[in-house]
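Down below is the structure, laid out as structure tokens.
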Amino acid sequence: MNKILKLTVNGVAREVAAPDNAILLDVLRESCRLTGTKRGCDMGTCGCCTVLIDGENRLSCLTLAAQAAGKEITTVEALGTPNRLHPIQAAFSEIGGSQCGFCTPGFIMTTKALLDRNPDPDDKEIREAISGNLCRCTGYIKIIDAVKVAAKELAPEPARPTPPIAAPARRAK
């Protein structure tokens, strides 16, 4: 028996009919027609299906759709467009952080969660953050480089110091 779920996906309120045991991955791909989130292992070991739920990265293949009701779900489709890539997407493209591209949406969403909570991660923090994502094509070096480039691109401009206000000139007596 299907149940009506109220989901907010990429800022859009949606109502979808899904069985109690529907996983979020299937609801996103089939009911919402958002196919950027990839099905990989269906066991939570590859990270291809990573989405953000209330800003935290989650494996949509292990998340019941009903668990995401009332929360903000963000998929890779929310980040950019083919004509205007998000800085994380641009960094992966420019640096060569993807080869076949199948795992890339999961890495991008994991990177987004990392940089949202830590805008200047070191290599160890990057490696730890992406440890739940598998890539069978790269050696991960370009992925780590892409995360670093994205972090620099997203870093806020340093504040310019305000010049001191000159004291008023004294009048000669």
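Letters for chains follow the order of the structure tokens (A, B, ...), residue numbers begin at 1 for each chain, and ligand numbers begin at 1 in the order shown.
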Tell me which protein, DNA and RNA residues are within 12 Å of segment 120-134 of chain A, counting only C-alpha atoms, leaving out same-chain ones fewer than 3 positions away, and put them as a VMD selection string. chain A and resid 40 to 41 43 to 50 56 to 59 98 101 to 117 137 to 156
With C-alpha atoms retained, export the selected residues as an mmCIF file, in the first residue's frame.
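The resulting file, again_26.cif, is reproduced below:
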```
data_model
loop_
_atom_site.group_PDB
_atom_site.id
_atom_site.type_symbol
_atom_site.label_atom_id
_atom_site.label_comp_id
_atom_site.auth_asym_id
_atom_site.auth_seq_id
_atom_site.Cartn_x
_atom_site.Cartn_y
_atom_site.Cartn_z
ATOM 1 C CA GLY A 40 25.779 1.662 -7.255
ATOM 2 C CA CYS A 41 25.999 -1.145 -4.753
ATOM 3 C CA MET A 43 24.506 -1.823 0.233
ATOM 4 C CA GLY A 44 25.888 1.534 1.367
ATOM 5 C CA THR A 45 29.494 0.786 0.460
ATOM 6 C CA CYS A 46 30.147 2.848 -2.692
ATOM 7 C CA GLY A 47 28.733 6.346 -2.012
ATOM 8 C CA CYS A 48 27.321 6.802 -5.544
ATOM 9 C CA CYS A 49 23.882 7.573 -4.113
ATOM 10 C CA THR A 50 25.020 10.306 -1.701
ATOM 11 C CA GLU A 56 24.419 16.167 6.065
ATOM 12 C CA ASN A 57 25.587 13.627 3.525
ATOM 13 C CA ARG A 58 23.475 10.459 3.532
ATOM 14 C CA LEU A 59 23.362 7.318 1.455
ATOM 15 C CA SER A 98 36.339 12.061 -12.662
ATOM 16 C CA GLY A 101 31.770 9.958 -14.107
ATOM 17 C CA PHE A 102 29.518 7.362 -12.513
ATOM 18 C CA CYS A 103 30.740 8.014 -8.963
ATOM 19 C CA THR A 104 31.144 11.759 -9.471
ATOM 20 C CA PRO A 105 27.705 12.905 -8.189
ATOM 21 C CA GLY A 106 28.342 11.094 -4.900
ATOM 22 C CA PHE A 107 31.810 12.630 -4.557
ATOM 23 C CA ILE A 108 30.431 16.076 -5.387
ATOM 24 C CA MET A 109 27.709 15.845 -2.753
ATOM 25 C CA THR A 110 30.192 14.508 -0.186
ATOM 26 C CA THR A 111 32.516 17.406 -1.045
ATOM 27 C CA LYS A 112 29.659 19.891 -0.671
ATOM 28 C CA ALA A 113 28.860 18.587 2.819
ATOM 29 C CA LEU A 114 32.549 18.709 3.770
ATOM 30 C CA LEU A 115 33.136 22.258 2.510
ATOM 31 C CA ASP A 116 29.907 23.518 4.083
ATOM 32 C CA ARG A 117 31.109 22.419 7.518
ATOM 33 C CA CYS A 137 38.792 4.639 -12.375
ATOM 34 C CA THR A 138 40.956 7.212 -10.614
ATOM 35 C CA GLY A 139 43.680 6.941 -8.035
ATOM 36 C CA TYR A 140 41.836 9.504 -5.859
ATOM 37 C CA ILE A 141 44.676 12.055 -6.196
ATOM 38 C CA LYS A 142 42.757 14.135 -8.761
ATOM 39 C CA ILE A 143 39.620 13.902 -6.620
ATOM 40 C CA ILE A 144 41.520 15.251 -3.604
ATOM 41 C CA ASP A 145 43.034 17.976 -5.806
ATOM 42 C CA ALA A 146 39.546 18.896 -7.055
ATOM 43 C CA VAL A 147 38.286 19.239 -3.469
ATOM 44 C CA LYS A 148 41.208 21.571 -2.676
ATOM 45 C CA VAL A 149 40.557 23.698 -5.770
ATOM 46 C CA ALA A 150 36.849 23.897 -4.948
ATOM 47 C CA ALA A 151 37.673 24.933 -1.375
ATOM 48 C CA LYS A 152 39.850 27.784 -2.654
ATOM 49 C CA GLU A 153 37.197 28.829 -5.162
ATOM 50 C CA LEU A 154 34.467 28.867 -2.511
ATOM 51 C CA ALA A 155 36.600 30.610 0.134
ATOM 52 C CA PRO A 156 35.271 34.029 1.023
#
```
Taking into account only C-alpha atoms, which residue in the set A:Val9, A:Ile53, A:Met1, A:Ala65 is nearest to Ala22 of chain A? A:Ala65
Can you list, as a ChimeraX atom specification, every protein, DNA or RNA residue that comes within 10 Å of Pro19 of chain A when you count only C-alpha atoms, leaving out same-chain residues fewer than 4 positions away? /A:1-5,23,27,64-66
Can I get the selection written as a compact mmCIF listing (two decimals), in the first residue's frame, with C-alpha atoms?
```
# COMPACT_ATOMS: atom_id res chain seq x y z
CA MET A 1 0.00 0.00 0.00
CA ASN A 2 1.34 3.41 -0.97
CA LYS A 3 1.57 6.34 1.38
CA ILE A 4 1.74 10.02 0.40
CA LEU A 5 5.08 11.50 1.43
CA ILE A 23 14.16 3.83 -0.34
CA VAL A 27 11.81 7.87 -4.97
CA LEU A 64 13.83 5.08 3.74
CA ALA A 65 12.02 7.82 1.85
CA ALA A 66 9.68 8.25 4.83
```
As a PyMOL selection string, please: every residue in chain A that DSSP puts in alpha helix (DSSP H). chain A and resi 24-26+65-68+87-95+104-117+123-129+141-154
Could you write those residues out with N, CA and C atoms, as a compact mmCIF listing (two decimals), in the first residue's frame?
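See part-v1.txt below for the written result:
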```txt
# COMPACT_ATOMS: atom_id res chain seq x y z
N LEU A 24 14.88 6.11 -0.47
CA LEU A 24 14.94 7.47 -1.01
C LEU A 24 15.52 7.47 -2.43
N LEU A 25 16.52 6.66 -2.68
CA LEU A 25 17.12 6.59 -4.01
C LEU A 25 16.06 6.32 -5.08
N ASP A 26 15.21 5.35 -4.85
CA ASP A 26 14.17 5.02 -5.84
C ASP A 26 13.16 6.15 -5.99
N ALA A 65 12.55 6.53 2.30
CA ALA A 65 12.02 7.82 1.85
C ALA A 65 11.22 8.48 2.97
N ALA A 66 10.48 7.69 3.74
CA ALA A 66 9.68 8.25 4.83
C ALA A 66 10.55 8.93 5.88
N GLN A 67 11.80 8.48 6.04
CA GLN A 67 12.71 9.11 7.00
C GLN A 67 13.11 10.52 6.55
N ALA A 68 13.00 10.80 5.27
CA ALA A 68 13.39 12.10 4.73
C ALA A 68 12.23 13.08 4.66
N PRO A 87 31.00 25.66 -8.39
CA PRO A 87 32.47 25.59 -8.27
C PRO A 87 33.00 24.18 -7.97
N ILE A 88 32.26 23.37 -7.23
CA ILE A 88 32.72 22.00 -6.97
C ILE A 88 32.67 21.20 -8.27
N GLN A 89 31.60 21.32 -9.02
CA GLN A 89 31.48 20.61 -10.29
C GLN A 89 32.57 21.07 -11.26
N ALA A 90 32.79 22.37 -11.30
CA ALA A 90 33.83 22.93 -12.19
C ALA A 90 35.21 22.40 -11.81
N ALA A 91 35.49 22.33 -10.53
CA ALA A 91 36.80 21.84 -10.09
C ALA A 91 36.99 20.37 -10.49
N PHE A 92 35.98 19.54 -10.30
CA PHE A 92 36.09 18.14 -10.70
C PHE A 92 36.32 18.04 -12.21
N SER A 93 35.66 18.88 -12.98
CA SER A 93 35.81 18.85 -14.43
C SER A 93 37.20 19.34 -14.86
N GLU A 94 37.62 20.47 -14.32
CA GLU A 94 38.89 21.08 -14.72
C GLU A 94 40.10 20.27 -14.26
N ILE A 95 40.05 19.71 -13.08
CA ILE A 95 41.19 18.99 -12.51
C ILE A 95 41.25 17.54 -13.00
N THR A 104 30.93 10.33 -9.68
CA THR A 104 31.14 11.76 -9.47
C THR A 104 30.02 12.46 -8.71
N PRO A 105 28.73 12.22 -8.98
CA PRO A 105 27.70 12.90 -8.19
C PRO A 105 27.83 12.63 -6.68
N GLY A 106 28.16 11.41 -6.32
CA GLY A 106 28.34 11.09 -4.90
C GLY A 106 29.53 11.83 -4.30
N PHE A 107 30.64 11.89 -5.04
CA PHE A 107 31.81 12.63 -4.56
C PHE A 107 31.50 14.12 -4.45
N ILE A 108 30.77 14.65 -5.41
CA ILE A 108 30.43 16.08 -5.39
C ILE A 108 29.55 16.41 -4.18
N MET A 109 28.58 15.58 -3.90
CA MET A 109 27.71 15.84 -2.75
C MET A 109 28.46 15.66 -1.44
N THR A 110 29.36 14.69 -1.38
CA THR A 110 30.19 14.51 -0.19
C THR A 110 31.10 15.72 0.00
N THR A 111 31.66 16.22 -1.10
CA THR A 111 32.52 17.41 -1.05
C THR A 111 31.72 18.62 -0.59
N LYS A 112 30.51 18.76 -1.08
CA LYS A 112 29.66 19.89 -0.67
C LYS A 112 29.42 19.86 0.84
N ALA A 113 29.08 18.70 1.37
CA ALA A 113 28.86 18.59 2.82
C ALA A 113 30.13 18.92 3.58
N LEU A 114 31.27 18.43 3.11
CA LEU A 114 32.55 18.71 3.77
C LEU A 114 32.84 20.20 3.77
N LEU A 115 32.77 20.84 2.60
CA LEU A 115 33.14 22.26 2.51
C LEU A 115 32.13 23.16 3.20
N ASP A 116 30.88 22.73 3.33
CA ASP A 116 29.91 23.52 4.08
C ASP A 116 30.25 23.55 5.56
N ARG A 117 30.78 22.45 6.08
CA ARG A 117 31.11 22.42 7.52
C ARG A 117 32.57 22.77 7.80
N ASP A 123 44.52 17.64 3.82
CA ASP A 123 44.47 16.36 3.10
C ASP A 123 43.85 15.24 3.93
N LYS A 124 44.20 15.17 5.19
CA LYS A 124 43.66 14.11 6.05
C LYS A 124 42.15 14.23 6.17
N GLU A 125 41.66 15.46 6.36
CA GLU A 125 40.22 15.68 6.50
C GLU A 125 39.48 15.36 5.19
N ILE A 126 40.10 15.69 4.06
CA ILE A 126 39.49 15.37 2.77
C ILE A 126 39.41 13.86 2.59
N ARG A 127 40.53 13.18 2.86
CA ARG A 127 40.56 11.72 2.71
C ARG A 127 39.53 11.05 3.62
N GLU A 128 39.41 11.55 4.82
CA GLU A 128 38.43 10.98 5.76
C GLU A 128 37.00 11.21 5.24
N ALA A 129 36.74 12.42 4.76
CA ALA A 129 35.39 12.76 4.28
C ALA A 129 34.98 11.90 3.09
N ILE A 141 43.86 10.85 -6.30
CA ILE A 141 44.68 12.05 -6.20
C ILE A 141 43.97 13.24 -6.86
N LYS A 142 43.45 13.05 -8.06
CA LYS A 142 42.76 14.14 -8.76
C LYS A 142 41.47 14.53 -8.05
N ILE A 143 40.83 13.59 -7.39
CA ILE A 143 39.62 13.90 -6.62
C ILE A 143 39.99 14.80 -5.44
N ILE A 144 41.05 14.44 -4.74
CA ILE A 144 41.52 15.25 -3.60
C ILE A 144 41.94 16.63 -4.10
N ASP A 145 42.65 16.68 -5.22
CA ASP A 145 43.03 17.98 -5.81
C ASP A 145 41.81 18.81 -6.15
N ALA A 146 40.77 18.17 -6.70
CA ALA A 146 39.55 18.90 -7.05
C ALA A 146 38.87 19.47 -5.81
N VAL A 147 38.87 18.73 -4.72
CA VAL A 147 38.29 19.24 -3.47
C VAL A 147 39.06 20.47 -3.00
N LYS A 148 40.38 20.43 -3.09
CA LYS A 148 41.21 21.57 -2.68
C LYS A 148 40.93 22.80 -3.55
N VAL A 149 40.83 22.59 -4.85
CA VAL A 149 40.56 23.70 -5.77
C VAL A 149 39.18 24.28 -5.48
N ALA A 150 38.21 23.42 -5.26
CA ALA A 150 36.85 23.90 -4.95
C ALA A 150 36.85 24.69 -3.64
N ALA A 151 37.60 24.22 -2.66
CA ALA A 151 37.67 24.93 -1.38
C ALA A 151 38.23 26.34 -1.58
N LYS A 152 39.27 26.46 -2.38
CA LYS A 152 39.85 27.78 -2.65
C LYS A 152 38.86 28.67 -3.40
N GLU A 153 38.17 28.07 -4.36
CA GLU A 153 37.20 28.83 -5.16
C GLU A 153 36.03 29.32 -4.31
N LEU A 154 35.61 28.51 -3.36
CA LEU A 154 34.47 28.87 -2.51
C LEU A 154 34.85 29.71 -1.30
```
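Here atom CA of Gly97 of chain A is placed at a distance of 20.3 Å from atom CA of Leu52 of chain A.
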Run DSSP on the backbone and tell me which residues of chain A come out as strand (DSSP E); list them as a VMD selection string. chain A and resid 2 to 9 12 to 19 50 to 53 56 to 59 72 to 74
Can you write out the residues you just picked, keeping N, CA and C atoms, as a compact mmCIF listing (two decimals), in the first residue's frame?
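Dumped everything to result-v4.txt:
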```txt
# COMPACT_ATOMS: atom_id res chain seq x y z
N ASN A 2 0.57 2.18 -0.87
CA ASN A 2 1.34 3.41 -0.97
C ASN A 2 0.86 4.44 0.05
N LYS A 3 1.81 5.27 0.43
CA LYS A 3 1.57 6.34 1.38
C LYS A 3 2.02 7.63 0.70
N ILE A 4 1.34 8.72 0.96
CA ILE A 4 1.74 10.02 0.40
C ILE A 4 2.82 10.61 1.30
N LEU A 5 3.97 10.89 0.70
CA LEU A 5 5.08 11.50 1.43
C LEU A 5 5.24 12.94 0.97
N LYS A 6 5.44 13.82 1.92
CA LYS A 6 5.71 15.22 1.61
C LYS A 6 7.22 15.42 1.76
N LEU A 7 7.87 15.65 0.62
CA LEU A 7 9.31 15.82 0.59
C LEU A 7 9.65 17.20 0.06
N THR A 8 10.75 17.75 0.51
CA THR A 8 11.29 18.97 -0.07
C THR A 8 12.61 18.57 -0.71
N VAL A 9 12.62 18.63 -2.04
CA VAL A 9 13.79 18.21 -2.80
C VAL A 9 14.30 19.39 -3.60
N VAL A 12 12.09 22.39 -3.60
CA VAL A 12 10.75 22.28 -4.15
C VAL A 12 9.94 21.28 -3.32
N ALA A 13 8.78 21.73 -2.84
CA ALA A 13 7.89 20.83 -2.09
C ALA A 13 7.25 19.86 -3.07
N ARG A 14 7.27 18.60 -2.71
CA ARG A 14 6.70 17.55 -3.57
C ARG A 14 5.88 16.59 -2.72
N GLU A 15 4.87 16.04 -3.33
CA GLU A 15 4.11 14.94 -2.73
C GLU A 15 4.27 13.74 -3.65
N VAL A 16 4.73 12.65 -3.06
CA VAL A 16 4.91 11.43 -3.86
C VAL A 16 4.24 10.26 -3.14
N ALA A 17 3.73 9.35 -3.94
CA ALA A 17 3.15 8.12 -3.40
C ALA A 17 4.23 7.05 -3.41
N ALA A 18 4.45 6.44 -2.25
CA ALA A 18 5.48 5.41 -2.15
C ALA A 18 5.12 4.42 -1.06
N PRO A 19 5.52 3.16 -1.23
CA PRO A 19 5.28 2.18 -0.17
C PRO A 19 6.14 2.50 1.06
N THR A 50 24.97 9.28 -2.75
CA THR A 50 25.02 10.31 -1.70
C THR A 50 24.19 11.53 -2.06
N VAL A 51 23.36 11.94 -1.11
CA VAL A 51 22.59 13.18 -1.19
C VAL A 51 22.79 13.89 0.14
N LEU A 52 22.32 15.11 0.23
CA LEU A 52 22.35 15.83 1.50
C LEU A 52 20.94 15.84 2.07
N ILE A 53 20.84 15.52 3.34
CA ILE A 53 19.57 15.64 4.06
C ILE A 53 19.82 16.58 5.21
N GLU A 56 23.52 17.27 5.74
CA GLU A 56 24.42 16.17 6.07
C GLU A 56 24.40 15.14 4.94
N ASN A 57 25.58 14.63 4.58
CA ASN A 57 25.59 13.63 3.52
C ASN A 57 25.02 12.31 4.04
N ARG A 58 24.16 11.72 3.20
CA ARG A 58 23.48 10.46 3.53
C ARG A 58 23.44 9.57 2.30
N LEU A 59 23.47 8.29 2.53
CA LEU A 59 23.36 7.32 1.46
C LEU A 59 21.89 7.07 1.19
N GLU A 72 15.01 18.75 4.35
CA GLU A 72 15.49 19.31 3.09
C GLU A 72 16.45 18.32 2.45
N ILE A 73 16.08 17.82 1.28
CA ILE A 73 16.89 16.88 0.52
C ILE A 73 17.54 17.66 -0.62
N THR A 74 18.85 17.51 -0.76
CA THR A 74 19.56 18.19 -1.85
C THR A 74 20.27 17.14 -2.68
```
